[in-house]
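A quick write-up on the structure given underneath.
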Amino acid sequence: MMSSADSQLLVATSAIVEDVYHGYVNPDASQERLVRYSQYVTLGLGAASVAFAFLAQNTPIYTLVLDYAWGGLGAAIGPTLIAAVWWKRVTATGSVASMIVGTTTMILWTQLSTLLELVGLMGTIEGSAFLTGLVGVYGLFPAFILSTVTLIVVSLLTTPPEGVDDHFDSFNKPLSALSSADDPTGTPDYVTDGGRDVGPKAVTETDNIRAHVRASEYWDEGEE
């Protein structure tokens, strides 16, 4: 458990300090400053985790895992992952907005019954079978829908990305074409051939396996 906890703290700290602060806020920050900020962030995240654990000590573990962890993760990045593969129009602003809406909705929906009790509306909800069932719906469903709608709307309202056509066009090409010198989209130098000279040059592990099978004449032996 301790190994998982410290690993998660280090990952979260790195995401905040390196990806956000060093990547966007202060790209010229010194290593000394980055280390000091990492210590502060790690301490803050650790304290927040302890406080959350204390406040949620009576919450069932499956609620913490399914609702806040997996549900929040699916609602936050699920629509963006799907859109990044299938939709050229998705933008960074739309993705960020989608993540915020998805995460917020998942958290609020999980605590919806508690919030309704605080504002005195739970009695009204319980008087309707439809509303009672609606409140009891797994939060990932409404969170995913709102996250997807936000992604689409914000992406359409912001500047579309540039240079994505070539990447999407490569999806419709055979793997061998991606390693061709005549390919108009260009091929990165790090495309691997699996350590063997094969033709066409292998660009995935699947191609590599096929090349090895072909070189071994495995299927030819069965015909003899």
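Chain identifiers are assigned as A, B, and so on, following the order in which chains appear in the structure tokens; residues are numbered from 1 within each chain, and ligands are numbered from 1 in order of appearance.
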
Within 9 Å of Val35 of chain A, counting only C-alpha atoms, which residues qualify if same-chain residues fewer than 5 places away don't, as a list in words? Val17, Ser30 and Tyr40 of chain A

Can you tell me, as a PyMOL selection string, what residues are no more than 9 Å from Val96 of chain A when counting only C-alpha atoms, ignoring any on the same chain fewer than 6 positions away? chain A and resi 76+80+151

Store the residues picked out above, limited to N, CA and C atoms, as an mmCIF file, in the first residue's frame.
data_model
loop_
_atom_site.group_PDB
_atom_site.id
_atom_site.type_symbol
_atom_site.label_atom_id
_atom_site.label_comp_id
_atom_site.auth_asym_id
_atom_site.auth_seq_id
_atom_site.Cartn_x
_atom_site.Cartn_y
_atom_site.Cartn_z
ATOM 1 N N ALA A 76 -13.747 11.909 -17.399
ATOM 2 C CA ALA A 76 -12.816 13.007 -17.655
ATOM 3 C C ALA A 76 -12.104 12.857 -18.998
ATOM 4 N N THR A 80 -12.446 12.499 -24.743
ATOM 5 C CA THR A 80 -11.287 13.060 -25.439
ATOM 6 C C THR A 80 -10.487 11.974 -26.141
ATOM 7 N N LEU A 151 -17.280 18.757 -24.934
ATOM 8 C CA LEU A 151 -16.165 18.601 -25.868
ATOM 9 C C LEU A 151 -16.556 19.051 -27.272
#

- Task: Write down as a ChimeraX atom specification the residues of segment 11-131 of chain A whose backbone DSSP state falls under helix (DSSP H, G or I).
- Result: /A:11-25,31-55,61-86,92-110,112-118,122-126,129-131

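Among the candidates A:Leu131, A:Pro160, A:Ala211, A:Gln39, the one nearest to Leu9 of chain A when counting only C-alpha atoms is A:Gln39.
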
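Across the model, the gap from atom CA of Gly78 of chain A to atom CA of Phe141 of chain A is 11.7 Å.
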
ask   = Expressed in Å to a single decimal, how great is the separation between atom CA of Glu117 of chain A and atom CA of Ala97 of chain A?
value =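 For atom CA of Glu117 of chain A relative to atom CA of Ala97 of chain A, the distance reads 28.9 Å.
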
* At what distance in Å, to one decimal, does atom CA of Leu108 of chain A lie from atom CA of Gly139 of chain A? ->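 Computed distance, atom CA of Gly139 of chain A to atom CA of Leu108 of chain A, equals 8.5 Å.
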
Counting only C-alpha atoms, closest pick from A:Gly46, A:Gly23, A:Gly94, A:Gly74 relative to Thr159 of chain A is A:Gly94
